[in-house]
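Colleague: If you scroll down you'll find the structure; I have some questions about it.
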Amino acid sequence: MFKKKKGFILSLTVASSILLAAGCSSSTGGSDSGKNKGGDKLPAVGATIYKFDDNFMSYVRRAMEAASEGKINLMLNDSQNDQAKQIEQVDTLIAKGAKSLAINLVDPKAAQTIIDKAKAKDIPVIFFNKEPDSSVLQGYEKAYYVGTTSSESGVIQGEMIAKAWEANIEKYDKNGDGKIQYVLLKGEPGHPDAEARTTFAVNTIKEKGIEVEELAMDTAMWDATKATEKMDAWIAKFNEQIEFVIANNDGMALGAIASLEKAGYFSGDKFMPVVGVDAIPEALDMIEKSKMFGTVLNDATNQGKATIDLATNAANGKDVLEGTDWTLDDSRAVRVPYVEVTIDNIQVGKDAYK
Amino acid sequence: MSTQAMKNSKITKWLFDHVIYVFLILLVIGIVIASPDFLSVTNLINILSQSSSRIIIALGIAGILITAGTDLSAGRMVGLAAVVSASLLQAGDYAYKMYPNLPELPFFVPIIIAMVVTGLFGILNGVIVSKFHVPPFIATLGMMISVYGITSIYFDRPPYGAQPIGGLSESFTKFAQRGIPIGDYEIPFLIFYAIIFSVIIWVIWNKTQLGKNMYAIGGNPEAAKVSGVNVAKNIIIIYMIAGLLYGFSGTIEAGRVGSATNNTGNMYELDAIAACVVGGVSLSGGIGTVPGVITGVLIFQIINYGLAFLGVSPYIQFIVKGAIIIVAVAFDMRKHAKKK
């Protein structure tokens, strides 16, 4: 008898934990918190982030939450880097009565499936940060994109490298041949940003009339740990030959810096210029400590804000740009500009995270 | 004992034996109390269609679990099937085709090819487990890693490199995304595929010699061997069937999402094993039913869907799911302990 009671207690525990979780629902994810405040119901906007624990996207998410305060009921979902999961979340959001969708795709090629679902219910979709094929976006007149021009970050990174090189050629050109011997840490192969940043950074340096020599290029999948491992190997192989470290994002730049520190760089005379993209706070910190030369601000705050601005207007049935400063280009996209950040204008980077 | 007490103990016993169904009902009641609009046909259809490919995978794994094995390679095999079938199913006019000169095939051809491929890997799993006596956990762990490598090689190839494989032909996306319209609603085809496979697997488990052998091997392999069961052959067939099921599931995952990458299916095996366990399949082998597996998957999907519907933080969802797995197994162990 006693044993059986224990079983009941077990099942009651689980049942009550579910109810408890359900009870917590209104306080988490901002889900229904906006409802009925002052009697009027805020329009529901469904949003998915490709993965909550992505460093950069967590800032975009925060900006989105801040921007939606009091304007919309933002239903945020973590797609956990699984496109199938995201598709299911979109079904749920539509079933919950979302008036517009803000989608950060896991896999950019899956945009069509999401558009089909939204189109069937006539719900506007704002894709952000991961750009769908333009032809897919054009297939639904209520589909928009908020992001950046992939190539721009590469161009700005290239210009920054060229400027740094010309200003410090005595110090940076270790073998005195006038060429930049660089190693490049690339993001996920096939990711439009990774491809564009790689190509445009190097091309921009060349356009400035500086000769370059690629010692090594490899993918570290945007990941700091993988970048450390690659950099360890390159230092072992090339050591003093390396004159510049170019990373497609700050995460990998930080990984490279960790490896360089291990190898004795940034103490005494041993220095290595490292550049990244994104201007995440850790990178800004490294720039202040003179361990990193510069980065390119991928403006998380404004991307999040622009996404919510468009989604809010769409949910209210207004023109998506109404009351905003954003403009749409030919492919129905809002392009948030990139900004170069070095020690000279570090405050610009810091302000982005306020 | 008084009659009243006996009656009470009978009820508790019944509740105990059907604890999983009791739990399912409590769960739905809990969610409905928190959010009454959870009870809608749209939500029901969404949950069932989202469960479909998971049920097919779980049925494959369940058979293996019943033989006292396990299969960690399921998710990666789903990914392999997704990538292979997607590469052969790209629409004729799509600009970034993996095989630019490939004519548009009838959609069932790539599905069969994908199933054959994963079926072969299933046979390989079975051979490694039964002939080389590698513990299933290790054999399929190795297979999981190797299959990911194979999928990635296949995926990251010219002409376009490691690009998600999209632009699937319309006949195929219809097969995976559309359904039969009934009134205002559309019953997705996916649900019918799950039903068809459930019936087939139910027949295999309950009406064939293979099914009887499967339970016998899991219950007591020595006894099975002594009574003349070819253990190795049966195990290989069970792993092969699982492979075929993963193959089908992988193709419909590609179709459902509209594209595939080498990361498709990652970790699906853990969800499937958890669902089997919650559905009463014993990890020590010999015990498990098709309705149990289906219920296990549905419970997980109701939790997934319901908690997301309520807007519960994803982190709390993880805690709830983890707790449910542990409690389910705790019950399972008690049940068997009682029998011994």
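Numbering starts fresh at 1 for the residues of each chain in the structure tokens, the chains themselves are lettered A, B, ... in the order given, and ligands are numbered from 1 as they appear.
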Compile the contact shell of Val348 (chain A) as a PyMOL selection string: residues with an atom at most 10 Å away, counting only C-alpha atoms, same-chain residues fewer than 5 positions apart removed.

Modeller: chain A and resi 279+297+339-342+353

Colleague: Mind checking which residues fall within 10 Å of Ile246 (chain A), counting only C-alpha atoms, ignoring those fewer than 4 positions away in the same chain, and posting them as a PDB file with N, CA, C and O atoms, in the first residue's frame?

Modeller:
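part-v7.pdb was written with the following content:
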```pdb
ATOM      1  N   GLN A 157      35.972  45.587 -43.358  1.00  0.00           N
ATOM      2  CA  GLN A 157      37.093  44.895 -42.723  1.00  0.00           C
ATOM      3  C   GLN A 157      38.363  45.064 -43.563  1.00  0.00           C
ATOM      4  O   GLN A 157      39.439  45.345 -43.038  1.00  0.00           O
ATOM      5  N   GLY A 158      38.207  44.923 -44.878  1.00  0.00           N
ATOM      6  CA  GLY A 158      39.351  45.085 -45.780  1.00  0.00           C
ATOM      7  C   GLY A 158      39.934  46.486 -45.706  1.00  0.00           C
ATOM      8  O   GLY A 158      41.160  46.661 -45.633  1.00  0.00           O
ATOM      9  N   ILE A 161      41.874  46.855 -42.522  1.00  0.00           N
ATOM     10  CA  ILE A 161      43.171  46.179 -42.584  1.00  0.00           C
ATOM     11  C   ILE A 161      44.162  47.023 -43.383  1.00  0.00           C
ATOM     12  O   ILE A 161      45.309  47.228 -42.968  1.00  0.00           O
ATOM     13  N   TYR A 182      48.824  36.615 -44.446  1.00  0.00           N
ATOM     14  CA  TYR A 182      47.716  36.492 -43.492  1.00  0.00           C
ATOM     15  C   TYR A 182      47.214  35.056 -43.372  1.00  0.00           C
ATOM     16  O   TYR A 182      47.444  34.230 -44.244  1.00  0.00           O
ATOM     17  N   VAL A 183      46.538  34.823 -42.259  1.00  0.00           N
ATOM     18  CA  VAL A 183      45.748  33.595 -42.125  1.00  0.00           C
ATOM     19  C   VAL A 183      44.295  34.026 -41.947  1.00  0.00           C
ATOM     20  O   VAL A 183      44.028  35.083 -41.373  1.00  0.00           O
ATOM     21  N   LEU A 184      43.392  33.234 -42.454  1.00  0.00           N
ATOM     22  CA  LEU A 184      41.987  33.631 -42.411  1.00  0.00           C
ATOM     23  C   LEU A 184      41.113  32.531 -41.802  1.00  0.00           C
ATOM     24  O   LEU A 184      41.164  31.382 -42.217  1.00  0.00           O
ATOM     25  N   LEU A 185      40.360  32.920 -40.788  1.00  0.00           N
ATOM     26  CA  LEU A 185      39.408  32.002 -40.151  1.00  0.00           C
ATOM     27  C   LEU A 185      38.032  32.266 -40.723  1.00  0.00           C
ATOM     28  O   LEU A 185      37.480  33.356 -40.569  1.00  0.00           O
ATOM     29  N   LYS A 186      37.531  31.273 -41.418  1.00  0.00           N
ATOM     30  CA  LYS A 186      36.281  31.446 -42.136  1.00  0.00           C
ATOM     31  C   LYS A 186      35.117  30.872 -41.331  1.00  0.00           C
ATOM     32  O   LYS A 186      35.277  29.915 -40.580  1.00  0.00           O
ATOM     33  N   ARG A 197      32.264  37.821 -46.678  1.00  0.00           N
ATOM     34  CA  ARG A 197      33.296  38.483 -45.881  1.00  0.00           C
ATOM     35  C   ARG A 197      34.678  38.064 -46.329  1.00  0.00           C
ATOM     36  O   ARG A 197      35.589  38.881 -46.428  1.00  0.00           O
ATOM     37  N   THR A 198      34.830  36.782 -46.605  1.00  0.00           N
ATOM     38  CA  THR A 198      36.127  36.278 -47.020  1.00  0.00           C
ATOM     39  C   THR A 198      36.557  36.933 -48.330  1.00  0.00           C
ATOM     40  O   THR A 198      37.641  37.511 -48.439  1.00  0.00           O
ATOM     41  N   ALA A 201      36.803  41.034 -48.060  1.00  0.00           N
ATOM     42  CA  ALA A 201      37.889  41.552 -47.225  1.00  0.00           C
ATOM     43  C   ALA A 201      39.191  41.508 -48.009  1.00  0.00           C
ATOM     44  O   ALA A 201      39.915  42.504 -48.115  1.00  0.00           O
ATOM     45  N   VAL A 202      39.472  40.351 -48.604  1.00  0.00           N
ATOM     46  CA  VAL A 202      40.742  40.185 -49.309  1.00  0.00           C
ATOM     47  C   VAL A 202      40.769  41.055 -50.573  1.00  0.00           C
ATOM     48  O   VAL A 202      41.766  41.741 -50.851  1.00  0.00           O
ATOM     49  N   MET A 217      43.937  29.279 -44.934  1.00  0.00           N
ATOM     50  CA  MET A 217      42.540  29.646 -44.713  1.00  0.00           C
ATOM     51  C   MET A 217      41.795  28.360 -44.367  1.00  0.00           C
ATOM     52  O   MET A 217      41.986  27.332 -44.993  1.00  0.00           O
ATOM     53  N   ASP A 250      33.858  37.830 -34.631  1.00  0.00           N
ATOM     54  CA  ASP A 250      34.635  38.094 -33.424  1.00  0.00           C
ATOM     55  C   ASP A 250      34.855  36.845 -32.591  1.00  0.00           C
ATOM     56  O   ASP A 250      35.886  36.694 -31.945  1.00  0.00           O
ATOM     57  N   MET A 252      35.532  33.898 -33.538  1.00  0.00           N
ATOM     58  CA  MET A 252      36.739  33.217 -34.015  1.00  0.00           C
ATOM     59  C   MET A 252      37.971  34.066 -33.750  1.00  0.00           C
ATOM     60  O   MET A 252      39.047  33.533 -33.457  1.00  0.00           O
ATOM     61  N   ALA A 253      37.818  35.399 -33.844  1.00  0.00           N
ATOM     62  CA  ALA A 253      38.956  36.278 -33.548  1.00  0.00           C
ATOM     63  C   ALA A 253      39.388  36.077 -32.092  1.00  0.00           C
ATOM     64  O   ALA A 253      40.591  35.974 -31.803  1.00  0.00           O
ATOM     65  N   ALA A 256      41.293  32.946 -31.789  1.00  0.00           N
ATOM     66  CA  ALA A 256      42.650  33.106 -32.305  1.00  0.00           C
ATOM     67  C   ALA A 256      43.514  33.840 -31.284  1.00  0.00           C
ATOM     68  O   ALA A 256      44.685  33.489 -31.066  1.00  0.00           O
ATOM     69  N   PRO A 273      48.253  41.789 -35.272  1.00  0.00           N
ATOM     70  CA  PRO A 273      46.958  42.438 -35.508  1.00  0.00           C
ATOM     71  C   PRO A 273      45.886  41.388 -35.844  1.00  0.00           C
ATOM     72  O   PRO A 273      46.075  40.579 -36.748  1.00  0.00           O
ATOM     73  N   VAL A 274      44.783  41.428 -35.101  1.00  0.00           N
ATOM     74  CA  VAL A 274      43.666  40.504 -35.319  1.00  0.00           C
ATOM     75  C   VAL A 274      42.425  41.343 -35.589  1.00  0.00           C
ATOM     76  O   VAL A 274      42.169  42.320 -34.879  1.00  0.00           O
ATOM     77  N   VAL A 275      41.692  40.984 -36.611  1.00  0.00           N
ATOM     78  CA  VAL A 275      40.433  41.689 -36.869  1.00  0.00           C
ATOM     79  C   VAL A 275      39.279  40.696 -36.985  1.00  0.00           C
ATOM     80  O   VAL A 275      39.462  39.573 -37.442  1.00  0.00           O
ATOM     81  N   GLY A 276      38.124  41.141 -36.530  1.00  0.00           N
ATOM     82  CA  GLY A 276      36.925  40.308 -36.602  1.00  0.00           C
ATOM     83  C   GLY A 276      35.757  41.110 -37.149  1.00  0.00           C
ATOM     84  O   GLY A 276      35.927  42.203 -37.696  1.00  0.00           O
ATOM     85  N   VAL A 277      34.580  40.550 -37.000  1.00  0.00           N
ATOM     86  CA  VAL A 277      33.344  41.229 -37.399  1.00  0.00           C
ATOM     87  C   VAL A 277      32.310  40.921 -36.314  1.00  0.00           C
ATOM     88  O   VAL A 277      32.309  39.789 -35.800  1.00  0.00           O
ATOM     89  N   THR A 295      37.242  45.702 -35.234  1.00  0.00           N
ATOM     90  CA  THR A 295      36.148  44.827 -35.621  1.00  0.00           C
ATOM     91  C   THR A 295      35.147  45.654 -36.410  1.00  0.00           C
ATOM     92  O   THR A 295      35.325  46.876 -36.564  1.00  0.00           O
TER      93      THR A 295
END
```

Colleague: For the contact check between chain B and chain A, emit one row per residue of chain B within 6 Å, containing the shortest atom pair and the distance in Å rounded to one decimal, counting only C-alpha atoms, chain then rising number order, as a tab-separated table.

Modeller:
```
residue	atom	partner	partner_atom	distance
B:Gly30	CA	A:Leu19	CA	5.6
B:Ala34	CA	A:Ala22	CA	6.0
B:Ala162	CA	A:Gly190	CA	5.4
B:Gln163	CA	A:Gly190	CA	5.3
B:Gly166	CA	A:Lys109	CA	5.5
B:Val257	CA	A:Ala84	CA	5.7
B:Gly258	CA	A:Ala110	CA	5.5
B:Ser259	CA	A:Ala110	CA	5.7
B:Leu310	CA	A:Ser25	CA	5.9
B:Gly311	CA	A:Ser31	CA	5.3
B:Val312	CA	A:Ser25	CA	4.3
B:Ser313	CA	A:Thr28	CA	5.4
```

Colleague: Would you pick out the contacts of Ala315 (chain A) at 7 Å or less, using only C-alpha atoms, so that residues sharing its chain but fewer than 4 positions from it are not included, and give the list as a list in words?

Modeller: Pro43, Val45, Lys99, Ser100 and Ala311 of chain A

Colleague: Write out as a compact mmCIF listing (two decimals) with C-alpha atoms, in the first residue's frame the residues lying within 10 Å of Asn220 (chain B), counting only C-alpha atoms and excluding same-chain residues fewer than 6 positions away.

Modeller:
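Once written, part04.txt looks like this:
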```
# COMPACT_ATOMS: atom_id res chain seq x y z
CA THR B 67 16.01 -7.02 -28.58
CA ALA B 68 17.92 -5.37 -25.69
CA GLY B 285 14.66 -5.78 -23.62
CA GLY B 286 11.71 -8.05 -24.20
```

Colleague: Measuring atom to atom with only C-alpha atoms, identify which of A:Ala102, A:Val155, A:Ala47, A:Leu260 is nearest to Lys208 (chain A).

Modeller: A:Val155
